[in-house]
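Heads up: the structure comes next, in structure tokens.
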4 protein chains.
Amino acid sequence: MSGLREECGVFGVYSKERYAIARTVYYGLFSLQHRGQESCGIVVNDDGVLSGYKDIGIVNDVFTNEVLDRQSDGKMAIGHVRYGTTGTSDRLNAQPIMVNHIKGSMALAHNGNLINSHELRSELELQGSIFQTTSDTEVIAYLITKERIKANSIEDAINFAMHRIKGAYSLVIMSPTKLIAARDEQGFRPLCYGIKEDGTYIVASESCALDSVSAKFVRDIEPGEIVVFDSEGVRTIRDHCNKKEKALCIFEYIYFARPDSVLDGVSVHAARVRAGRCLAQDYPVEADVVVGVPDSGLDAAIGYSMESGIPYGIGFIKNKYIGRTFIAPSQKAREDRVRIKLNVVKETIKGKRVILVDDSIVRGTTCARIVSLLKEAGAKEVHMRVSAPPFLNPCYYGTDIDSRENLIAVNHEIEEIREMTDVESLGYMKIDRLPELLGDKKVMGFCNACFSGNYPTKTPVKVDKYKFEKRISER
Amino acid sequence: MSGLREECGVFGVYSKERYAIARTVYYGLFSLQHRGQESCGIVVNDDGVLSGYKDIGIVNDVFTNEVLDRQSDGKMAIGHVRYGTTGTSDRLNAQPIMVNHIKGSMALAHNGNLINSHELRSELELQGSIFQTTSDTEVIAYLITKERIKANSIEDAINFAMHRIKGAYSLVIMSPTKLIAARDEQGFRPLCYGIKEDGTYIVASESCALDSVSAKFVRDIEPGEIVVFDSEGVRTIRDHCNKKEKALCIFEYIYFARPDSVLDGVSVHAARVRAGRCLAQDYPVEADVVVGVPDSGLDAAIGYSMESGIPYGIGFIKNKYIGRTFIAPSQKAREDRVRIKLNVVKETIKGKRVILVDDSIVRGTTCARIVSLLKEAGAKEVHMRVSAPPFLNPCYYGTDIDSRENLIAVNHEIEEIREMTDVESLGYMKIDRLPELLGDKKVMGFCNACFSGNYPTKTPVKVDKYKFEKRISER
Amino acid sequence: MSGLREECGVFGVYSKERYAIARTVYYGLFSLQHRGQESCGIVVNDDGVLSGYKDIGIVNDVFTNEVLDRQSDGKMAIGHVRYGTTGTSDRLNAQPIMVNHIKGSMALAHNGNLINSHELRSELELQGSIFQTTSDTEVIAYLITKERIKANSIEDAINFAMHRIKGAYSLVIMSPTKLIAARDEQGFRPLCYGIKEDGTYIVASESCALDSVSAKFVRDIEPGEIVVFDSEGVRTIRDHCNKKEKALCIFEYIYFARPDSVLDGVSVHAARVRAGRCLAQDYPVEADVVVGVPDSGLDAAIGYSMESGIPYGIGFIKNKYIGRTFIAPSQKAREDRVRIKLNVVKETIKGKRVILVDDSIVRGTTCARIVSLLKEAGAKEVHMRVSAPPFLNPCYYGTDIDSRENLIAVNHEIEEIREMTDVESLGYMKIDRLPELLGDKKVMGFCNACFSGNYPTKTPVKVDKYKFEKRISER
Amino acid sequence: MSGLREECGVFGVYSKERYAIARTVYYGLFSLQHRGQESCGIVVNDDGVLSGYKDIGIVNDVFTNEVLDRQSDGKMAIGHVRYGTTGTSDRLNAQPIMVNHIKGSMALAHNGNLINSHELRSELELQGSIFQTTSDTEVIAYLITKERIKANSIEDAINFAMHRIKGAYSLVIMSPTKLIAARDEQGFRPLCYGIKEDGTYIVASESCALDSVSAKFVRDIEPGEIVVFDSEGVRTIRDHCNKKEKALCIFEYIYFARPDSVLDGVSVHAARVRAGRCLAQDYPVEADVVVGVPDSGLDAAIGYSMESGIPYGIGFIKNKYIGRTFIAPSQKAREDRVRIKLNVVKETIKGKRVILVDDSIVRGTTCARIVSLLKEAGAKEVHMRVSAPPFLNPCYYGTDIDSRENLIAVNHEIEEIREMTDVESLGYMKIDRLPELLGDKKVMGFCNACFSGNYPTKTPVKVDKYKFEKRISER
């Protein structure tokens, strides 16, 4: 029930045969839709000619049968789903972006956020570069292009460019003849690849997207690695590997990723179950039933139930027909937005002491509303357990946890939050137990800066990234 | 995961104040969307002027903000969601229907299916009546209108008409000044009403729709009852009550209704949990985890887990972004339709003996595909448990269980089905335990004809209801 | 530039072969689009199965390729374009209407207006009939159906029904096996048929629609005639012919019909040219150029020029890209609606004494705006000539000249109108010269009631036809 | 009836007040729609923040009320209509383009075609520039940006850049604080500006667009001139003026421009009338009526009629409801595409010797079809007169006369063309009389290269401009 949003999901296909390849990307993007619902796009490579389609909206709305039919056949294609800022610039900022340069065409799909894009952009602008979007992806495209002039290959150009770009990025890049996957040297965002029975390679942000197109998981792209798929097979460039400590976003496990994905060797579902177990150990309470807030609280609720022995119950039914175009009630309409989306299964709740598990608390308002629904349905007590620690710091690596004002935990003590949400008890995941979410793989590094403030990179100078989006009178 | 479809859901509002009442119906229809996704409609009564909008599509697509803004304000409104046969006649058959007659206007929304509509229609046609749809609802409208000429009130006309119409119907009818709910004397389909804090009355097929608009459940409409909402309050006509044994569709509990609804005093969720318990008692097996097929198998899986003590697990992630316009893969696209919609959480399944719980098996093909996904994910054994008995007979009361050829259980022994679905064991709900689903309320009668062949009415002569939809050359 | 609107256009096809016949109707409706732009529809008869599609909008918007592809193939089809009242009831009132009755199915498309529909409707309602629209067409459908019970054939039923229905109607009716055209005994609205090279019959409101589908004009349907097209060829029933004096609407020639149509033997273009000549004879003036208001004033301007010897000029360019969805400027937008649609060709006008010819003046506002554009462009004098006499009376026969308040000529003397429109002189067509528009065929009767008040039928009791569209509080 | 297409129309507004300025552009683009129907766009400058919307489609379809409402208010805005190549790249190539660079943002709208874009593009690519479109406009944007780094102002940067770009261009450029209009030094494409009563400046490709928004024409932008509109008023830079002979496209007068426009001091309508007079002088013939092919042949037909004394007649009615989405008949549909769009007014034609005037003959097929319609309607003779000379050479300056294979006059003698179109006589405008079209202003230079082969610039090396649109296997 977190309102937080990931910035993107990427997907790529390299097939030996020319076919209606956009459809494979379409299915892949479906399974990455949770990573971005603002816009989406597909670029197909038809023997060197790149052409594509992107628009604002979810995959299901943008890619109608008619639109898919208009896409070229090809052997390669990449796709992207994006969460972006609202406003008129959205459509321009949709990805993948396609650029033509001296050595040919290139398409890029990017998940993440650079911390030095402002410097890079200024430098490029001073050389006369023009930018048609406000996204980092165009900066990356320029850097690769500049290197490409002198480099022997696109992969070399990417390798060189990676010396300049700092921060979080998982990239899928397509040249006229190659599909290339690259991940920043700290591995903030996930990226993996798989293979289908017919030898088609699939690159995706999460393994669930491999499953959706019947591809077998091969392995994660390592932090700093560049993997090249072309007519000669798969090659890897590891010049940037093992240079820095890994920093995969822990919140990918807690909320962003789909539970059926396995990221860097760790099952997201299992990580959430372990989070639930930790909560049960740290905050035991006598109760009758454990319920999760759908959909992201369910796995941790199972974990809490297993560890505590308190039965797991279905506490809510989420209306699955409410789409993106759902018209939320205005004040005038006098209906209740949360109630329309989420209804309590009274049978489970009435007269019970309820343990309510959710992935996180951001502003606290939705949480309070859910608790009030439970009480109205007859819950005797509600004990809230949250599988993320309190958010206290902005994220610079590709999520929208960027405004401290809206984070309830920044301004309120836990006891205050407990009172505001009207629960009998409230327990947040403890920061020092976060490594346990990764199970036996816990040696692996991760980023928990949004909770701890320990940033794995230098923090970016707070710059006015969107200078082109401010009115003169406001500057 | 049953592919069976309910025919309809109905909703009505009677408010003391004039306001943008179509929006309340809009939210109500959302929570009844599972009862029909083919078309939907809303009719508003603005001080006697009925006007409305209906179209093919789900509520979210048909009722855009623009369309809602164009609806009149009013004090009364009714709505309908419908599953219908495909083809060109759909739009015509969308409901509610509006008719003008000698004493005024009337709008009707209908859930159910008459068993004597052919006779009634022929009789009316012989008197010169014309029909613009092929639906039973128009027949009901005629019968009420004919009675209305001589009756003192619309409710009397309905009362008289109910002597003629046989079969299953839950009706919401709106005259210039009244909102009326009526339910057939055997109560095949559910119907209830509630009240909001400001005194607004809500009528709905299921109680979950009352919840969605913050109305308090008052009571179910009784079989045979007519309830009138007007400026004088609520009145009831019970001339048709207690004349026949009750026959609420048991499959409403097993599959059709939403788990958060309470139908005729019985929680749907609880009924499903009890079904799971029965399955655990009748078909015990040693296993490691119990998983339900989302969404309709989850509640029974919980029941099986509780009764057996085997842990409940999250076995599948269902892609929640796949809308009605989802483009299913063609053969050419070489992707797997089930896999795109449903992915296994391998962590839960791998190396485990799995008990798989679903609501029903219709054709068996989807079921077999799901089992194969589990085995592919590493399940050591799969034990299938089905919370409905085998379908063996057509339904005449408003669902589409009407073609025996497609029902796997008609042509195959259970052992054959077990082999076809490749499970280690298969257990269907036993017919004689169905009364237990209703818990303490089990004295209440219900219809289980689709399983047992015991029809609570005389079965209709199989007639060519759709004579107007057959080409001359085919007659 | 008249803002007056015809109520409808009808079209029918009877082919010997089954094919994608809806497309032929589609092209036919295009050429009748000027007769109604509010809604349109097509019904196809596929060996007895009638199915169709209709919606609000012009032909080009409603019938997309996708919609046309979904229409059945067939040997017969009918279509309709309609101008209707605004509001929510539009979609319901779209035509053709399809009804099922005791002897089969029937589809009807109707152009005109009954003068006794209220009596007929009341009578039918007293017998228990229900109406789903507020249109006369449903009344006609009922009357035919009632007769059909006892009649030997659909054409006999129509013949009998025509004894009851009074007023203006040109009908195209389709039964499972026949296409039937019928025209009221006074012939208020045009109707004709033609034949294509392959023997396909076409029925249409105007001959221009025959041209558009390459059908050769055969003849006009006579007032009172019923023409039947079926597997045996063409038959005619003339029981209602020659019973009353003919009364074809003279305004069809002046404005409604397309200039390339020939109605009842008279070319519309020629009639308008003759109107222009009459104006030149009756209102001569010294001037430099004659210009017509596009598109309906051009033909009469040619006539005026021919008769007077004053050169014809192109005075205006009409923006042809402004579609139905054109967003007219609000006050806020500070642009000029008339100017966006119509621009003066200054070269033609500057420094000239201009004779401006238009078909009619309804409210006078648009006319005044056009004159001011001419003066602004440098016209030294503007002499207005109008090819219709002043509107003084409501029309009961299927046009929207029904509100006397808005007719400028009802409340103002011609001299006043001249001043209001700021022209140097103003000449209206003289009523007694109207017969000359028909040329040698002038013996033929026509209706000029809107100008003269001489109604060819008894005038209908002014009844509340739309009682179902009034709020209770307003009754 | 020429099928030739202009590449673009541009429009700009500079207001003193902030308001819903996109609407003014919307109305302006309507009147320029004839210059490009493939895509359109508007960019608004809201105190320095540029934001916009563009899409494939005509103005009326792209800019719905909803889309217009979403546009920012502002004091400046520019717009563009475009004809472009078909295919997937269209949307990307839609204009105006917006770029961000070191000194701010910039939006450009461009009409014309550069002859050295290939060289410029290669040069830029070698410096590491990336291109997201295949249009010349992006090249211009880069050149201006490169100059902008060192220039004092945007207008200086444009001035410098104009030394590099060769060929045809009429530009409207918007910076955060300025609106700038610039025209190539030979003035291939028209450009003018006007002022509204409230002091708002309007820049447009044609004067008809000034009229549509009630702006008074001030003057044409001179070839080579840069005009700057900002808070200090209007300034001009004339460094590039009077350096080369003027070369306004003569076909703007014959076909492209709207007759109500005045380009470089010459009325388009008057030019066409003069063309008709020339034809009458050069190709006199005895005949009964002169008719023009709508809409572009009408003015010259008037001229022919005036000069010859043979009466002008309305020969055709063009169906005005056929929009861009019109579904042209397939072979299967057995209808006639030309006939659906254009119907003969038989009254005018039957039994007559007809002089048929059209603007040009490109492929000859449509022309032949029109002649056959006339003959079918009873024309005794048809004498074709064409107000353009035969097309013999490709155009490099922004129209699509670029493929010699399709030009009928390249491969056929005039007598052959006469036979192919089945006319009794055929007369083309003589090249040496083209100067007369401009009347007294004939001293002014113009480009007639498509007829004469006399190119006013060096002709571009034929380069593969669209290398990124070719498949590898085809290279």
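Each chain of the structure tokens is named A, B, ... in the order shown, its residues numbered from 1; ligands are numbered from 1 in display order.
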
I need the contact residues of chain A against chain D, so if you could list those with any atom within 6 Å, counting only C-alpha atoms, and return them as a ChimeraX atom specification, that would help. /A:47-49,99-102,125,128,130-132,145-146,468-472

Residues just named, written with C-alpha atoms as a compact mmCIF listing (two decimals), in the first residue's frame:
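Saved the output as selection_3.txt:
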```
# COMPACT_ATOMS: atom_id res chain seq x y z
CA ASP A 47 17.86 -5.21 -39.52
CA GLY A 48 19.32 -1.94 -38.42
CA VAL A 49 16.28 0.28 -38.77
CA VAL A 99 19.08 8.69 -31.33
CA ASN A 100 20.88 8.82 -34.63
CA HIS A 101 24.59 9.62 -34.59
CA ILE A 102 27.67 9.41 -36.73
CA GLU A 125 25.62 22.09 -23.20
CA GLY A 128 26.66 23.00 -28.00
CA ILE A 130 20.83 20.34 -27.22
CA PHE A 131 18.49 18.35 -25.07
CA GLN A 132 14.96 17.50 -26.00
CA THR A 145 27.92 8.98 -28.70
CA LYS A 146 30.90 11.18 -27.92
CA PHE A 468 13.55 24.38 -17.87
CA GLU A 469 10.38 23.60 -16.01
CA LYS A 470 10.31 26.77 -13.90
CA ARG A 471 8.63 29.98 -14.93
CA ILE A 472 10.86 33.02 -15.26
```

Would you mind listing what lies within 7 Å of Val291 in chain A as an MDAnalysis selection string, with only C-alpha atoms counted and same-chain residues fewer than 5 positions away left out? chainID A and resid 301 312:315 355:357

Selection near range 342-353 of chain A, 6 Å with only C-alpha atoms, sequence-local residues under 3 positions removed, as an mmCIF file with C-alpha atoms, in the first residue's frame:
```cif
data_model
loop_
_atom_site.group_PDB
_atom_site.id
_atom_site.type_symbol
_atom_site.label_atom_id
_atom_site.label_comp_id
_atom_site.auth_asym_id
_atom_site.auth_seq_id
_atom_site.Cartn_x
_atom_site.Cartn_y
_atom_site.Cartn_z
ATOM 1 C CA ALA A 287 -3.812 -11.595 18.894
ATOM 2 C CA ASP A 288 -6.313 -13.695 16.955
ATOM 3 C CA GLY A 315 -8.586 -9.327 5.872
ATOM 4 C CA PHE A 316 -9.330 -7.301 2.763
ATOM 5 C CA ILE A 317 -10.669 -7.652 -0.739
ATOM 6 C CA LYS A 318 -9.053 -5.245 -3.177
ATOM 7 C CA VAL A 338 -10.152 3.895 0.297
ATOM 8 C CA ARG A 339 -13.366 1.987 0.883
ATOM 9 C CA ALA A 377 -15.711 -3.812 10.977
ATOM 10 C CA GLY A 378 -15.453 -4.814 14.598
ATOM 11 C CA ALA A 379 -11.732 -5.325 15.254
ATOM 12 C CA LYS A 380 -11.185 -5.260 19.021
ATOM 13 C CA GLU A 381 -7.541 -4.292 18.702
ATOM 14 C CA ASP B 260 -16.377 -9.829 1.500
#
```

Running DSSP on the backbone, which parts of range 338-448 of chain A land in strand (DSSP E), as a ChimeraX atom specification? /A:342-344,353-358,381-386,425-428,446-447

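Atom to atom, CA of Leu374 in chain B and CA of Ala280 in chain B stand 20.5 Å apart.
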
Could you pull out the alpha helix (DSSP H) residues of range 179-345 of chain D, going by DSSP on the backbone, and write them as number ranges by chain? D: 207-212, 250-251, 268-282, 298-308, 337-341

Which polymer residues have any atom within 8 Å of an atom of range 227-241 of chain D, counting only C-alpha atoms, with same-chain residues fewer than 6 positions away left out, as JSON, numbers by chain? {"D": [14, 16, 155, 159, 162, 177, 178, 179, 180, 181, 182, 185, 201, 221]}
